[in-house]
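Below you'll find the structure, written out as structure tokens, and then a few comments.
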Amino acid sequence: MDQERDLYMLMLRRMMLIREFEENVKQLVQRGELVGMAHCYIGEEAVAVGACAALRDDDYITGNHRSHGHPISKGGDVRRAMAELLGKATGYCKGKGGSMHLADFDIGILGESGIVASALPVAVGAAMGSKMQGNDRVVVAFFGDGASNQGACHEAMNLASIWKLPVIFLCENNQYAVTTSFKDSVADAMAMYEVTTEAVRRARAGEGPTLIEARTYRYEDHSEGLVRILRESYRSEEEVAAWRERDPIDVHSQWLVEQEIASQEEIEEVRHDVAETIAEALQFARESPYPEIDDLLTDMYADPLPVYN
């Protein structure tokens, strides 16, 4: 029971970390401190946290343009993530990747991409590598409902099925591909954990890929920043309010209390600790240096460049 409790409390903490991180990101964009665009994961936290809780530390994930939450769910460092968003040298990609390109091979984060569906073939390649090496690592490819219309998505799934690769295609159906609606119901962290655990079992057993549709919802605009499509232009505030009644953090917190796994006081302690953690991460990012001009091309090409005869 203690092990289960630790897992359930970790899931709560990581959902709260994502929420607090993203709320700060919104403010940074609005103040002009974060340059460019940022796509917030607010409201969808249960999907990534529930799925990543079913993975080992050495398993892989790939993300997309709305992927601040995925690395945090995998155990990533919020200080390095925040520094990357602010373009600092202490960030995950030394300040050169920004909001849509977080990566950390040490904890299995193979990278994210602002090109819709482009990370799915990467996930299939990693799964092929795992199968060839015989190390039973599993890959989870997170993608949105909009990406399901891209050819790369179907090609990746087809190859994974033919070769029975250990990859889980996790569609985060947050109801809107920018402004195009897809109406359905919500996912919670425990449901995501259970279904991903079964998909991971199948993958490690050599039974091939799994497609999971996580029906969730994003509260905020498609993005924060230069190009901002206001949510009131394509959905009602009543709809948003209805979904907030099923907030994943509230649902999980209530479940913890009902199951007598944690008290309300313990939950509030986690919330307070998370707020301090993100505040410290933001301070770390602000105080970190920007990359040096001389490092502009570092990590972009082989060093030294190979010479072919």
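Letters for chains follow the order of the structure tokens (A, B, ...), residue numbers begin at 1 for each chain, and ligand numbers begin at 1 in the order shown.
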**Item:** Residue set, region 35-269 of chain A restricted to strand (DSSP E), as a PyMOL selection string
**Value:** chain A and resi 60-62+139-144+167-173+176-177+180-181+210-215
**Message:** So that I can see what lies close to Ala48 (chain A), please list as a ChimeraX atom specification the residues with an atom at most 7 Å from it, counting only C-alpha atoms and leaving out residues fewer than 6 positions away in the same chain.
**Reply:** /A:69-70,73
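Residues within 9 Å of Leu120 (chain A), counting only C-alpha atoms and excluding same-chain residues fewer than 3 positions away, are Thr62, Gly63, Ala117, Ala123, Val124, Gly125, Ala141, Phe142, Phe143, Ala152, Cys153, Ala156, Met157 and Phe169 of chain A.
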**Request:** Once DSSP has gone over the backbone, tell me which residues of region 147-298 of chain A are in helix (DSSP H, G or I), as a PyMOL selection string.
**Result:** chain A and resi 147-149+151-163+189-204+231-233+237-244+248-258+264-287+293-295
**Asked** For Tyr60 (chain A), which residue out of A:Ser130, A:Asn174, A:Gln264, A:Thr196 is the nearest one, using only C-alpha atoms?
**Response**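 Ranking A:Ser130, A:Asn174, A:Gln264, A:Thr196 by distance to Tyr60 (chain A), first place goes to A:Ser130.
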**Request:** For Val200 (chain A), work out the shell of residues within 12 Å, counting only C-alpha atoms and skipping chain neighbours fewer than 4 positions away, then give it as a ChimeraX atom specification.
**Result:** /A:51-56,59-60,136-140,165-170,192-196,204-212
Give me, as a Markdown table, each residue of region 32-74 of chain A that comes within 7 Å of region 78-99 of chain A, together with its shortest interatomic pair and the distance in Å at one decimal, counting only C-alpha atoms, with rows ordered by chain and rising residue number.
```
| residue | atom | partner | partner_atom | distance |
| --- | --- | --- | --- | --- |
| A:Leu34 | CA | A:Leu86 | CA | 5.7 |
| A:Ala38 | CA | A:Ser99 | CA | 5.9 |
| A:Ile72 | CA | A:Val78 | CA | 6.7 |
```
Go ahead and write the selection's residues with N, CA and C atoms as a short mmCIF file (atom, residue, chain, number, x, y, z; two decimals), in the first residue's frame.
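Here's the written file selection_10.cif:
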```
data_model
loop_
_atom_site.label_atom_id
_atom_site.label_comp_id
_atom_site.auth_asym_id
_atom_site.auth_seq_id
_atom_site.Cartn_x
_atom_site.Cartn_y
_atom_site.Cartn_z
N LEU A 34 8.78 36.04 -22.23
CA LEU A 34 8.99 34.85 -23.04
C LEU A 34 8.66 35.22 -24.48
N ALA A 38 3.82 29.96 -27.05
CA ALA A 38 3.84 28.84 -26.11
C ALA A 38 2.45 28.22 -26.09
N ILE A 72 7.84 16.92 -17.80
CA ILE A 72 7.61 16.99 -16.35
C ILE A 72 6.99 15.68 -15.87
#
```
**Asked** Interatomic distance between CA of Gln283 (chain A) and CA of Met9 (chain A)?
**Response** 25.8 Å
**Request:** To one decimal in Å, tell me the separation between CA of Glu172 (chain A) and CA of Lys74 (chain A).
**Result:** 16.4 Å
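A straight line drawn from CA of Glu20 (chain A) to CA of Gly146 (chain A) is 26.0 Å long.
Close contacts of Val49 (chain A), defined as residues with an atom at most 7 Å away when counting only C-alpha atoms, with chain neighbours fewer than 4 positions off set aside, comprise Met11, Arg14, Met15, Glu45, Ala53, Ser73 and Ala189 of chain A.
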